[in-house]
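Below you'll find the structure, written out as structure tokens, and then a few comments.
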Amino acid sequence: MDCTHLGMRYAADGHFSPRSRGMVWRLTCFPDALRWSLPSSLAGAGAAEALKHSVIRSDGQNQMSPCVPAALVRRTPRCICGCHGFTDLLFVGVRAATSTLACPLLTGSLLMRLKKVSATGKMPDSESNLASSHVDVKNGTSVLSEMKISDEKRSVKKTPVTQIGKNGYPDSIYINAAKIFQGIRTEKSTGRVLVQYGNNSESPMVAFKDEHSRRASYELAFNALKYQNLLEEVLLDSKVYPCNSIPDELTSLLVVMLYDLQDRKFQKRKIFAEEDLVAEVQEIGHYLYRYKTKLAAALARCRIKYDALSIEYFVPETISKQEQRTSALPVCFWINTFKISLEDVFRDLEMKGFTKVESVSDFDHYTYAVDQHCHDVLVFPSSLREELLNLDLFADCKLLLQDKSRSLAVHSAQALLSEGGDIIMAHIGSHLTIAHMSVLTNDSSSRIFVCGVKSSAKEEELRNSLSHMGCKNIWLLHEDFTELQSTDSRLEKAKVILLLPECSGLGAANPMELILSEQRDAGLLQDLLQGFVSEDKLSILAERQLNELIHALKFNKVQGIVYCTCSVYPEENELVVKKALESGVEGHKVRPYRLIPSIFSTCSDSESSDEMFFKMEPSEISSGCFLAVLERE
């Protein structure tokens with residue numbers, strides 16, 4: 001039943017025992033100052049009675065029954081009502097005469113944590129054992145079972161965490177994030193569609209102001225995707241959706257901006273100086289903020305409904321596991337020897353307090369290791385990522401952060417290169433991959449041809465980036481790789497082709513980083529959400545990869561090909577290579593290709609073809625990688 005009194009609502013269908021006096025129940029509470037929900041196992045008719053004796057006013061002052069011990073009132077912080085995101089309720093037990101609850105007080109951010117307070121009102125010491133508790137309400141009695149935290153955890157001193165306030169984003173980021181989200185959102189089955197999204201996929205994105213804007217747009221869209229079900233439920237439960245004044249074409253923008261509003265703890269968004277305002281963003285922003293209290297209350301009810309400790313509860317398990325793996329994965333930096341020698345990097349790191357160890361198994365905070373496969377790649381504990389990015393070594397492009405799979409690819413290509421031979425990079429990929437290839441060929445007269453640089457703006461961007469890193473031996477081609485003719489006079493000295501085709505990417509350590517650094521399809525985020533790639537998409541990718549590899553085989557003067565993906569599917573890996581080798585496109589006038597072990601493999605030429613491939617499975621210490629090296633017989 002619902003017990004409503006003085007504007008506070010309790011979902012009360014149980015019985016709250018009068019024997020629970022002197023107890024403090026910490027339960028999740030949310031920012032609608034006038035609505036508080038209590039799980040049915042802890043609520044009861046006594047709750048409404050208690051509210052006659054105890055109220056929290058909107059100005060934060062306690063109005064309490066004389067039943068409440070004065071000492072407890074003095075020791076309890078005042079409630080600050082309003083929209084403050086997710087908080088906890090501290091329910092103070094009163095005497096048996098009122099049989100229950102006194103005032104709700106904002107205390108923290110834990111769900112269903114229970115603390116026992118003596119009947120005198122004395123609060124426990126902060127160092128005392130916290131209880132992970134279970135309440136069994138039976139025959140009017142409450143049973144509290146406690147499980148103590150270990151002495152080791154108890155003895156750790158807590159340090160205050162400074163929360164950095166979020167001010168929102170410029171309007172253009174919301175617009176682009178909404179367009180990205182529109183393309184990757186989860187489609188519901190016909191019978192389950194309650195939120196309607198229009199079809200505005202044809203409208204172009206606003207140009208990204210800079211790399212930060214691009215990254216922010218994709219991250220905001222991905223967060224909206226992760227919490228899509230929750231955000232839609234909040235809109236429906238709060239009655240904020242549907243709204244006649246907001247067309248279906250703006251629903252994606254509504255969802256994206258709702259995620260950001262709750263992420264800001266429902267605080268007002270900052271208007272950025274010199275920002276170009278977008279009418280739709282302003283309209284949606286004002287609309288959501290006008291109903292912030294209803295939205296926050298609906299979010300509260302959702303959390304209680306699912307017993308959610310935080311909104312991370314609603315993240316799909318596939319995403320949660322991926323993010324945990326990403327956060328724990330060691331970070332890899334390659335050394336730009338255009339700027340600094342390996343020895344100087346080691347010396348610089350030693351001066352900064354880093355210790356070189358043999359392998360990742362020896363990591364102990366300020367330590368690093370030289371990668372076992374690539375001599376110019378350094379591996380650090382994941383916990384040091386932010387500190388490393390603030391080093392002058394990184395700022396000066398002396399150390400460059402990149403997934404190890406790309407370093408494996410360029411080292412494999414360099415190993416095939418003969419003196420004076422050129423390299424064709426079939427895809428732009430990341431400018432860091434191009435730069436690393438340039439660094440490794442610095443001691444030779446080799447040139448690197450990069451395919452698919454379509455626009456003059458992209459060409460200028462690449463030239464500036466590569467010049468800043470010290471690269472000079474790079475030629476940018478406007479044609480896609482499959483548009484190039486094997487007789488092209490520019491490529492007559494080409495001896496090696498490096499193929500890093502677009503792939504499903506589910507083996508990547510950080511799929512978001514892969515999308516951003518290599519301009520990959522944002523649909524990878526949708527695949528990541530569902531944990532697999534559809535058969536249709538996989539078939540399309542595999543066909544494209546096969547066509548590119550077969551095209552590479554047609555370059556008669558080329559002596560070696562490196563094919564590398566970060567896919568976990570054989571359809572994009574072994575099967576593509578085997579089909580290409582069986583195609584016979586080289587003809588009879590040239591020596592055919594054969595698989596050889598990569599420079600990282602431990603197998604010999606006499607072993608089976610499957611053992612010729614170099615593979616790293618996604619794990620806690622490595623991203624996924626597939627590598628095949630083809631050389632003419």
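Naming works like this for the structure tokens: A, B, ... for the chains as they're shown, residue 1 at the start of each chain, ligands 1 onward in shown order.
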Quick one: everything within 12 Å of Ser467 of chain A, counting only C-alpha atoms, minus sequence neighbours fewer than 4 positions away in the same chain. Send it as a PyMOL selection string.
chain A and resi 338-339+397+431-432+434-435+438+459-463+471-474
Would you write out, as a tab-separated table, a table of all residues in segment 274-354 of chain A that have an atom no more than 10 Å from an atom of segment 164-178 of chain A, listing for each the closest atom pair and the distance in Å to one decimal, considering only C-alpha atoms and ordering rows by chain and rising residue number?
```
residue	atom	partner	partner_atom	distance
A:Glu274	CA	A:Pro170	CA	9.7
A:Glu275	CA	A:Pro170	CA	6.5
A:Asp276	CA	A:Asp171	CA	7.1
A:Leu277	CA	A:Asp171	CA	5.9
A:Val278	CA	A:Asp171	CA	5.9
A:Ala279	CA	A:Asp171	CA	8.9
A:Glu280	CA	A:Ile175	CA	8.6
A:Val281	CA	A:Asp171	CA	6.1
A:Gln282	CA	A:Asp171	CA	7.8
A:Gly285	CA	A:Asp171	CA	9.8
```
Take the residues from that selection and write them out as a PDB file, in the first residue's frame, keeping N, CA and C atoms.
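Result file follows (again-v5.pdb):
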```pdb
ATOM      1  N   GLU A 274      31.732  32.066 -26.492  1.00  0.00           N
ATOM      2  CA  GLU A 274      31.937  31.967 -27.943  1.00  0.00           C
ATOM      3  C   GLU A 274      31.360  30.686 -28.532  1.00  0.00           C
ATOM      4  N   GLU A 275      30.388  30.117 -27.854  1.00  0.00           N
ATOM      5  CA  GLU A 275      29.759  28.896 -28.346  1.00  0.00           C
ATOM      6  C   GLU A 275      28.643  29.232 -29.323  1.00  0.00           C
ATOM      7  N   ASP A 276      28.573  28.471 -30.413  1.00  0.00           N
ATOM      8  CA  ASP A 276      27.474  28.621 -31.363  1.00  0.00           C
ATOM      9  C   ASP A 276      26.281  27.833 -30.828  1.00  0.00           C
ATOM     10  N   LEU A 277      25.254  28.531 -30.396  1.00  0.00           N
ATOM     11  CA  LEU A 277      24.091  27.881 -29.804  1.00  0.00           C
ATOM     12  C   LEU A 277      23.245  27.221 -30.891  1.00  0.00           C
ATOM     13  N   VAL A 278      22.736  26.046 -30.561  1.00  0.00           N
ATOM     14  CA  VAL A 278      21.857  25.299 -31.464  1.00  0.00           C
ATOM     15  C   VAL A 278      20.468  25.281 -30.838  1.00  0.00           C
ATOM     16  N   ALA A 279      19.477  25.738 -31.583  1.00  0.00           N
ATOM     17  CA  ALA A 279      18.131  25.918 -31.037  1.00  0.00           C
ATOM     18  C   ALA A 279      17.580  24.634 -30.429  1.00  0.00           C
ATOM     19  N   GLU A 280      17.761  23.500 -31.114  1.00  0.00           N
ATOM     20  CA  GLU A 280      17.228  22.225 -30.618  1.00  0.00           C
ATOM     21  C   GLU A 280      17.865  21.825 -29.290  1.00  0.00           C
ATOM     22  N   VAL A 281      19.153  22.052 -29.170  1.00  0.00           N
ATOM     23  CA  VAL A 281      19.848  21.711 -27.919  1.00  0.00           C
ATOM     24  C   VAL A 281      19.356  22.592 -26.785  1.00  0.00           C
ATOM     25  N   GLN A 282      19.205  23.870 -27.060  1.00  0.00           N
ATOM     26  CA  GLN A 282      18.708  24.785 -26.036  1.00  0.00           C
ATOM     27  C   GLN A 282      17.294  24.399 -25.583  1.00  0.00           C
ATOM     28  N   GLY A 285      17.465  21.082 -23.605  1.00  0.00           N
ATOM     29  CA  GLY A 285      18.136  21.331 -22.330  1.00  0.00           C
ATOM     30  C   GLY A 285      17.225  22.017 -21.324  1.00  0.00           C
TER      31      GLY A 285
END
```
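In this comparison, which uses only C-alpha atoms, the residue of A:Ser534, A:Thr482, A:Gln182, A:Ser622 approaching Ala552 of chain A most closely is A:Thr482.
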Go ahead and compute the interatomic distance for atom CA of Pro597 of chain A and atom CA of Ala580 of chain A, in Å to one decimal.
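For atom CA of Pro597 of chain A relative to atom CA of Ala580 of chain A, the distance reads 17.3 Å.
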Within 10 Å of Met425 of chain A, counting only C-alpha atoms, which residues qualify if same-chain residues fewer than 5 places away don't, as an MDAnalysis selection string?
chainID A and resid 410 413 433:434 437 448:452 476 481 496:500 562
Only N, CA, C and O atoms, please: the residues just picked out, written as a short mmCIF file (atom, residue, chain, number, x, y, z; two decimals), in the first residue's frame.
```cif
data_model
loop_
_atom_site.label_atom_id
_atom_site.label_comp_id
_atom_site.auth_asym_id
_atom_site.auth_seq_id
_atom_site.Cartn_x
_atom_site.Cartn_y
_atom_site.Cartn_z
N VAL A 410 53.87 -3.30 -37.67
CA VAL A 410 54.92 -2.53 -38.36
C VAL A 410 56.29 -3.20 -38.21
O VAL A 410 57.11 -3.15 -39.14
N ALA A 413 56.39 -5.91 -40.84
CA ALA A 413 56.60 -5.36 -42.19
C ALA A 413 58.06 -4.94 -42.37
O ALA A 413 58.67 -5.19 -43.43
N THR A 433 50.53 4.70 -36.32
CA THR A 433 51.03 3.51 -37.02
C THR A 433 51.92 3.94 -38.18
O THR A 433 52.99 3.35 -38.41
N ILE A 434 51.49 4.97 -38.91
CA ILE A 434 52.30 5.48 -40.02
C ILE A 434 53.63 6.00 -39.48
O ILE A 434 54.71 5.72 -40.05
N MET A 437 56.00 3.20 -38.48
CA MET A 437 56.60 2.60 -39.67
C MET A 437 57.73 3.48 -40.20
O MET A 437 58.79 2.98 -40.63
N ILE A 448 57.35 5.38 -47.67
CA ILE A 448 56.10 4.76 -47.20
C ILE A 448 54.95 5.43 -47.92
O ILE A 448 54.75 6.65 -47.82
N PHE A 449 54.18 4.63 -48.66
CA PHE A 449 53.01 5.13 -49.39
C PHE A 449 51.75 4.78 -48.60
O PHE A 449 51.49 3.61 -48.33
N VAL A 450 50.98 5.80 -48.26
CA VAL A 450 49.76 5.63 -47.47
C VAL A 450 48.55 5.87 -48.36
O VAL A 450 48.42 6.96 -48.96
N CYS A 451 47.66 4.88 -48.45
CA CYS A 451 46.51 4.97 -49.36
C CYS A 451 45.27 5.54 -48.67
O CYS A 451 45.11 5.43 -47.46
N GLY A 452 44.39 6.13 -49.49
CA GLY A 452 43.07 6.50 -49.02
C GLY A 452 42.95 7.85 -48.35
O GLY A 452 41.99 8.09 -47.59
N LEU A 476 51.57 10.51 -49.33
CA LEU A 476 50.14 10.31 -49.13
C LEU A 476 49.44 10.20 -50.49
O LEU A 476 49.59 11.07 -51.35
N PHE A 481 43.34 1.68 -51.67
CA PHE A 481 44.30 0.66 -52.06
C PHE A 481 43.81 -0.17 -53.25
O PHE A 481 44.56 -0.46 -54.18
N VAL A 496 56.97 -4.38 -49.95
CA VAL A 496 56.15 -4.90 -48.84
C VAL A 496 54.82 -4.16 -48.80
O VAL A 496 54.76 -2.94 -48.99
N ILE A 497 53.74 -4.89 -48.56
CA ILE A 497 52.42 -4.29 -48.36
C ILE A 497 51.96 -4.61 -46.94
O ILE A 497 51.99 -5.78 -46.52
N LEU A 498 51.56 -3.60 -46.22
CA LEU A 498 51.02 -3.76 -44.87
C LEU A 498 49.51 -3.57 -44.93
O LEU A 498 49.03 -2.48 -45.25
N LEU A 499 48.77 -4.63 -44.62
CA LEU A 499 47.30 -4.61 -44.64
C LEU A 499 46.77 -4.62 -43.21
O LEU A 499 46.95 -5.60 -42.49
N LEU A 500 46.14 -3.52 -42.82
CA LEU A 500 45.45 -3.44 -41.53
C LEU A 500 43.99 -3.13 -41.83
O LEU A 500 43.51 -2.01 -41.61
N VAL A 562 52.05 -8.33 -45.06
CA VAL A 562 51.68 -8.53 -43.66
C VAL A 562 50.19 -8.22 -43.51
O VAL A 562 49.73 -7.14 -43.90
#
```
Would you mind telling me which residue in A:Arg185, A:Ile621, A:Arg215, A:Asn573 lies nearest to Leu514 of chain A when using only C-alpha atoms?
A:Arg215
Between atom CA of Ile284 of chain A and atom CA of Ser245 of chain A, what is the distance in Å, rounded to a tenth?
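So the answer is 10.0 Å.
The interatomic distance for the pair atom CA of Lys209 of chain A and atom CA of Gly429 of chain A works out to 20.7 Å.
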Please list as a ChimeraX atom specification every residue within 8 Å of Gln526 of chain A, counting only C-alpha atoms and excluding residues in the same chain fewer than 5 positions away.
/A:184-186,225
Could you list, as a short mmCIF file (atom, residue, chain, number, x, y, z; two decimals) with N, CA and C atoms, in the first residue's frame, every residue within 10 Å of His365 of chain A, counting only C-alpha atoms and ignoring same-chain residues fewer than 5 positions away?
```
data_model
loop_
_atom_site.label_atom_id
_atom_site.label_comp_id
_atom_site.auth_asym_id
_atom_site.auth_seq_id
_atom_site.Cartn_x
_atom_site.Cartn_y
_atom_site.Cartn_z
N PHE A 354 61.40 5.62 -11.94
CA PHE A 354 60.92 4.35 -12.47
C PHE A 354 62.02 3.30 -12.43
N THR A 355 61.61 2.07 -12.20
CA THR A 355 62.54 0.94 -12.16
C THR A 355 62.23 -0.02 -13.30
N PHE A 380 53.92 -0.45 -19.14
CA PHE A 380 53.79 0.10 -17.79
C PHE A 380 52.51 -0.44 -17.14
N PRO A 381 52.45 -0.43 -15.81
CA PRO A 381 51.19 -0.80 -15.13
C PRO A 381 50.08 0.17 -15.52
N SER A 382 48.87 -0.34 -15.60
CA SER A 382 47.73 0.49 -16.01
C SER A 382 47.49 1.65 -15.05
N SER A 383 47.85 1.47 -13.78
CA SER A 383 47.60 2.52 -12.79
C SER A 383 48.41 3.79 -13.04
N LEU A 384 49.44 3.69 -13.89
CA LEU A 384 50.31 4.84 -14.15
C LEU A 384 49.92 5.61 -15.40
#
```
Using DSSP on the backbone coordinates, identify the residues of segment 476-538 of chain A assigned to strand (DSSP E); present them as a ChimeraX atom specification.
/A:476,494-499
Extract the full set of helix (DSSP H, G or I) residues from segment 206-296 of chain A according to DSSP on the backbone, and format it as a PyMOL selection string.
chain A and resi 211-226+228-237+248-263+279-290+292-296
Export, as a PDB file, in the first residue's frame, the selected residues with C-alpha atoms.
```
ATOM      1  CA  GLU A 211      40.055  16.037 -31.335  1.00  0.00           C
ATOM      2  CA  HIS A 212      38.690  16.713 -27.852  1.00  0.00           C
ATOM      3  CA  SER A 213      35.238  17.491 -29.285  1.00  0.00           C
ATOM      4  CA  ARG A 214      35.311  14.344 -31.385  1.00  0.00           C
ATOM      5  CA  ARG A 215      36.280  12.181 -28.433  1.00  0.00           C
ATOM      6  CA  ALA A 216      33.656  13.781 -26.175  1.00  0.00           C
ATOM      7  CA  SER A 217      30.921  13.225 -28.782  1.00  0.00           C
ATOM      8  CA  TYR A 218      31.692   9.518 -29.158  1.00  0.00           C
ATOM      9  CA  GLU A 219      32.036   8.937 -25.421  1.00  0.00           C
ATOM     10  CA  LEU A 220      28.737  10.711 -24.724  1.00  0.00           C
ATOM     11  CA  ALA A 221      26.994   8.644 -27.411  1.00  0.00           C
ATOM     12  CA  PHE A 222      28.442   5.409 -26.024  1.00  0.00           C
ATOM     13  CA  ASN A 223      27.320   6.272 -22.495  1.00  0.00           C
ATOM     14  CA  ALA A 224      23.811   6.903 -23.798  1.00  0.00           C
ATOM     15  CA  LEU A 225      23.956   3.486 -25.511  1.00  0.00           C
ATOM     16  CA  LYS A 226      25.147   1.724 -22.333  1.00  0.00           C
ATOM     17  CA  GLN A 228      19.661   3.300 -23.090  1.00  0.00           C
ATOM     18  CA  ASN A 229      17.163   1.028 -21.322  1.00  0.00           C
ATOM     19  CA  LEU A 230      17.503   2.922 -18.050  1.00  0.00           C
ATOM     20  CA  LEU A 231      17.214   6.352 -19.679  1.00  0.00           C
ATOM     21  CA  GLU A 232      14.108   5.325 -21.626  1.00  0.00           C
ATOM     22  CA  GLU A 233      12.507   3.931 -18.470  1.00  0.00           C
ATOM     23  CA  VAL A 234      13.229   7.173 -16.621  1.00  0.00           C
ATOM     24  CA  LEU A 235      11.648   9.249 -19.388  1.00  0.00           C
ATOM     25  CA  LEU A 236       8.516   7.098 -19.378  1.00  0.00           C
ATOM     26  CA  ASP A 237       8.201   6.761 -15.595  1.00  0.00           C
ATOM     27  CA  ASP A 248      10.654  11.868 -32.795  1.00  0.00           C
ATOM     28  CA  GLU A 249      13.693  13.112 -34.724  1.00  0.00           C
ATOM     29  CA  LEU A 250      14.936  14.735 -31.494  1.00  0.00           C
ATOM     30  CA  THR A 251      14.460  11.692 -29.237  1.00  0.00           C
ATOM     31  CA  SER A 252      18.125  10.724 -29.618  1.00  0.00           C
ATOM     32  CA  LEU A 253      19.123  14.196 -28.482  1.00  0.00           C
ATOM     33  CA  LEU A 254      16.693  13.906 -25.559  1.00  0.00           C
ATOM     34  CA  VAL A 255      18.271  10.619 -24.408  1.00  0.00           C
ATOM     35  CA  VAL A 256      21.846  11.860 -24.811  1.00  0.00           C
ATOM     36  CA  MET A 257      21.147  15.069 -22.888  1.00  0.00           C
ATOM     37  CA  LEU A 258      19.292  13.168 -20.153  1.00  0.00           C
ATOM     38  CA  TYR A 259      22.361  11.011 -19.582  1.00  0.00           C
ATOM     39  CA  ASP A 260      24.502  14.122 -19.273  1.00  0.00           C
ATOM     40  CA  LEU A 261      21.987  15.814 -16.945  1.00  0.00           C
ATOM     41  CA  GLN A 262      22.068  12.937 -14.448  1.00  0.00           C
ATOM     42  CA  ASP A 263      25.843  12.729 -14.805  1.00  0.00           C
ATOM     43  CA  ALA A 279      18.131  25.918 -31.037  1.00  0.00           C
ATOM     44  CA  GLU A 280      17.228  22.225 -30.618  1.00  0.00           C
ATOM     45  CA  VAL A 281      19.848  21.711 -27.919  1.00  0.00           C
ATOM     46  CA  GLN A 282      18.708  24.785 -26.036  1.00  0.00           C
ATOM     47  CA  GLU A 283      15.067  23.665 -26.228  1.00  0.00           C
ATOM     48  CA  ILE A 284      15.773  20.095 -25.026  1.00  0.00           C
ATOM     49  CA  GLY A 285      18.136  21.331 -22.330  1.00  0.00           C
ATOM     50  CA  HIS A 286      15.588  23.757 -20.875  1.00  0.00           C
ATOM     51  CA  TYR A 287      12.846  21.129 -21.077  1.00  0.00           C
ATOM     52  CA  LEU A 288      14.817  18.505 -19.170  1.00  0.00           C
ATOM     53  CA  TYR A 289      16.028  20.956 -16.550  1.00  0.00           C
ATOM     54  CA  ARG A 290      12.459  22.160 -15.974  1.00  0.00           C
ATOM     55  CA  LYS A 292      14.741  17.672 -13.235  1.00  0.00           C
ATOM     56  CA  THR A 293      12.980  16.773  -9.984  1.00  0.00           C
ATOM     57  CA  LYS A 294      10.596  14.349 -11.696  1.00  0.00           C
ATOM     58  CA  LEU A 295      13.458  12.821 -13.654  1.00  0.00           C
ATOM     59  CA  ALA A 296      15.621  12.418 -10.565  1.00  0.00           C
TER      60      ALA A 296
END
```
Nearest-residue call for Glu518 of chain A, choices A:Cys503, A:Leu484, A:Ala395, A:Leu440, using only C-alpha atoms:
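Smallest separation from Glu518 of chain A among the options: A:Cys503.
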Nearest to Leu516 of chain A among A:Ser456, A:Ser430, A:Asn464, A:Ser445, with distances taken over only C-alpha atoms: which residue is it?
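Ranking A:Ser456, A:Ser430, A:Asn464, A:Ser445 by distance to Leu516 of chain A, first place goes to A:Ser430.
Using only C-alpha atoms for every distance, the candidate list A:Gln519, A:Pro570, A:Leu400, A:Val576 yields A:Gln519 as the residue closest to Lys458 of chain A.
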Just the residues within 10 Å of segment 487-493 of chain A, please, counting only C-alpha atoms, with nothing from its chain fewer than 6 positions along; format it as a PyMOL selection string.
chain A and resi 420-424+446-449+475+554-558
